There are 2 protein chains.
Amino acid sequence: MGKALMGPQTLVYPMPAMLVGANVDGKPNFMVVAWGGIANGEPPMISVAIRHQRHTLKGIRQNMTFSVNIPSVDLVKETDYCGIVSGSKANKAEVCHFKVFYGKMGNAPLIEQCPVNLECKVIHILDLDSHSLVIGRIEETHVSKSCLTNGKPDVAKIKPLTYVTSPAARYHALGEVIAKAFSAGKELA
Amino acid sequence: MGKALMGPQTLVYPMPAMLVGANVDGKPNFMVVAWGGIANGEPPMISVAIRHQRHTLKGIRQNMTFSVNIPSVDLVKETDYCGIVSGSKANKAEVCHFKVFYGKMGNAPLIEQCPVNLECKVIHILDLDSHSLVIGRIEETHVSKSCLTNGKPDVAKIKPLTYVTSPAARYHALGEVIAKAFSAGKELA
């Protein structure tokens, strides 16, 4: 088969397409972040990598809180828009008709239309080089009642977007179930 | 519609299913990590969250290098197995028939059968609470030649696994393309 060497690349499959929110100068703003993921189990924490000069990062530093909103495939245009335009130039929440609400933290803006919303409190901001890696403790989780099945968040109703960079920058839907976890590997054990 | 409050949850969609590798006492070992993602752009860095007591973490601390291997759907049993069994009790590479090779770093074990392999050098290990967040600089990227299209890694050939926790812990395939990124949102701009 053989391997091709491609040098250092940010090549992970799949990536999420998270709408990260913060109040900047008191106004809700949202950006797309594909670079991040869960960072700790107990207590739950999440990391998001954000370029230092981003408008949303200014708001995160002001309040030391942020939100992570998981968009469904129905919100692909709005999600992509939030990755194209800076909040310093447009009121993205208004353009996207986001219904913004606040939860436990009081100042981390959440998007009603996104099926999953995490409220986060900043624990660390690590200056890595081009990006700040913001690590937040997840303080509350909001899930749209319409996306629950027997009280559990149901991925089939959430319909999350995934972000893929190669061969082209595109959003994909999630596909079919391949196997149960903590089960499929048992036959090798 | 309305929201249900679920308390602090590690609820992100989608998550990757990465096979993280390290030499432990000189022998290659691999574990599954769903908690992690890209952490920096220039230079490329990645974060992986690992429970302190894990065998693989011991190897990462010994060498200050690790690998991230992206399995395809064909490797779902092997991937799941690496998440069930500890390397302190079994030679997982042998059980899974992984063809292990080494690249630029010399001591970060890579899996030939995985279409994408990242060689990483540890930059930070952040003790977050239950987990260590290991941040590595990506030093080299290996991609199976059979998964390239016009010289670019092609997700349709890579066929990565995604990991979903709710309503059940399951691996999914990637689904259809929903939209082009940096394009679909332009009509709102």
# chains A, B, ... in the order shown; residues from 1 in each chain; ligands from 1
$ residues_around --residues "A:Leu161" --least-positions-apart "6" --cutoff "6 Å" --atoms "only C-alpha atoms" --output "ChimeraX atom specification"
/A:72-73,172-173
$ select_by_dssp --residues "chain A" --states "strand (DSSP E or B)" --output "count of residues only"
88
$ residues_around --residues "stretch 176-179 of chain B" --least-positions-apart "5" --cutoff "12 Å" --atoms "only C-alpha atoms" --output "CSV table (one decimal) with C-alpha atoms, in the first residue's frame"
chain,number,residue,atom,x,y,z
A,72,SER,CA,-28.1,20.6,13.2
A,73,VAL,CA,-27.8,20.1,9.4
A,74,ASP,CA,-30.7,22.5,9.0
A,75,LEU,CA,-28.5,25.3,10.3
A,76,VAL,CA,-25.7,24.8,7.8
A,77,LYS,CA,-26.0,28.2,6.1
A,78,GLU,CA,-26.1,30.0,9.5
A,79,THR,CA,-23.2,28.0,10.8
A,80,ASP,CA,-21.1,28.7,7.7
A,159,LYS,CA,-28.6,15.6,13.2
A,160,PRO,CA,-25.2,17.2,13.9
A,161,LEU,CA,-22.9,18.6,11.3
A,162,THR,CA,-19.4,17.3,10.9
A,163,TYR,CA,-16.6,19.3,9.3
A,164,VAL,CA,-14.1,17.8,6.9
A,165,THR,CA,-11.2,19.6,5.4
A,168,ALA,CA,-12.3,20.0,0.3
A,169,ALA,CA,-13.7,22.0,3.2
A,170,ARG,CA,-17.3,20.6,3.5
A,171,TYR,CA,-19.9,19.8,6.1
A,172,HIS,CA,-21.1,16.2,6.2
A,173,ALA,CA,-24.1,14.6,8.0
A,174,LEU,CA,-23.5,11.7,10.3
A,175,GLY,CA,-23.9,8.4,8.6
A,176,GLU,CA,-25.2,4.9,9.6
B,155,VAL,CA,-12.5,11.4,3.2
B,156,ALA,CA,-14.5,9.1,0.8
B,159,LYS,CA,-14.0,6.3,5.7
B,184,ALA,CA,-23.0,28.0,1.9
B,185,GLY,CA,-23.2,31.0,4.3
B,186,LYS,CA,-22.4,33.6,1.7
$ residues_around --residues "A:Val68" --least-positions-apart "4" --cutoff "8 Å" --atoms "only C-alpha atoms" --output "MDAnalysis selection string"
chainID A and resid 18:21 110 117:120
$ closest_residue --among "A:Glu187, A:Asp154, A:Asp127, A:Asp25" --to "chain B" --atoms "only C-alpha atoms"
A:Asp154
$ select_by_dssp --residues "stretch 18-69 of chain B" --states "alpha helix (DSSP H)" --output "VMD selection string"
chain B and resid 55 to 63
$ write_last_selection --atoms "N, CA, C and O atoms" --output "short mmCIF file (atom, residue, chain, number, x, y, z; two decimals), in the first residue's frame"
data_model
loop_
_atom_site.label_atom_id
_atom_site.label_comp_id
_atom_site.auth_asym_id
_atom_site.auth_seq_id
_atom_site.Cartn_x
_atom_site.Cartn_y
_atom_site.Cartn_z
N HIS B 55 -2.20 3.09 30.67
CA HIS B 55 -0.92 2.51 30.25
C HIS B 55 -0.27 3.34 29.14
O HIS B 55 0.94 3.59 29.17
N THR B 56 -1.07 3.79 28.19
CA THR B 56 -0.53 4.59 27.07
C THR B 56 0.10 5.88 27.58
O THR B 56 1.13 6.33 27.07
N LEU B 57 -0.53 6.48 28.59
CA LEU B 57 -0.01 7.75 29.12
C LEU B 57 1.38 7.56 29.72
O LEU B 57 2.26 8.43 29.62
N LYS B 58 1.58 6.39 30.32
CA LYS B 58 2.90 6.05 30.87
C LYS B 58 3.94 6.12 29.76
O LYS B 58 5.03 6.71 29.92
N GLY B 59 3.61 5.55 28.61
CA GLY B 59 4.52 5.58 27.46
C GLY B 59 4.73 6.98 26.91
O GLY B 59 5.84 7.35 26.51
N ILE B 60 3.68 7.76 26.90
CA ILE B 60 3.79 9.15 26.42
C ILE B 60 4.77 9.92 27.31
O ILE B 60 5.63 10.65 26.83
N ARG B 61 4.66 9.70 28.62
CA ARG B 61 5.57 10.38 29.55
C ARG B 61 7.00 9.88 29.42
O ARG B 61 7.96 10.64 29.58
N GLN B 62 7.15 8.60 29.10
CA GLN B 62 8.50 8.04 28.94
C GLN B 62 9.24 8.65 27.75
O GLN B 62 10.43 8.96 27.83
N ASN B 63 8.52 8.81 26.64
CA ASN B 63 9.18 9.25 25.39
C ASN B 63 8.92 10.69 25.02
O ASN B 63 9.59 11.25 24.16
#
$ residues_around --residues "A:Ala49" --least-positions-apart "6" --cutoff "8 Å" --atoms "only C-alpha atoms" --output "list in words"
Val33, Trp35, Gly36, His131, Ser132, Leu133 and Val134 of chain A; Ile38, Ala39 and Asn40 of chain B
$ atom_distance --atom1 "atom CA of B:Val95" --atom2 "atom CA of B:Asn69"
17.0 Å
$ residues_around --residues "stretch 8-14 of chain B" --least-positions-apart "6" --cutoff "6 Å" --atoms "only C-alpha atoms" --output "list in words"
Pro16, Pro44, Ile138, Glu139, Glu140 and Thr141 of chain A
$ atom_distance --atom1 "atom CA of A:Pro153" --atom2 "atom CA of A:Gln113"
15.0 Å
$ closest_residue --among "A:Ile125, A:Ala108, A:Met15, A:Val116" --to "B:Gly37" --atoms "only C-alpha atoms"
A:Met15
$ residues_around --residues "stretch 146-148 of chain A" --least-positions-apart "2" --cutoff "9 Å" --atoms "only C-alpha atoms" --output "count of residues only"
18
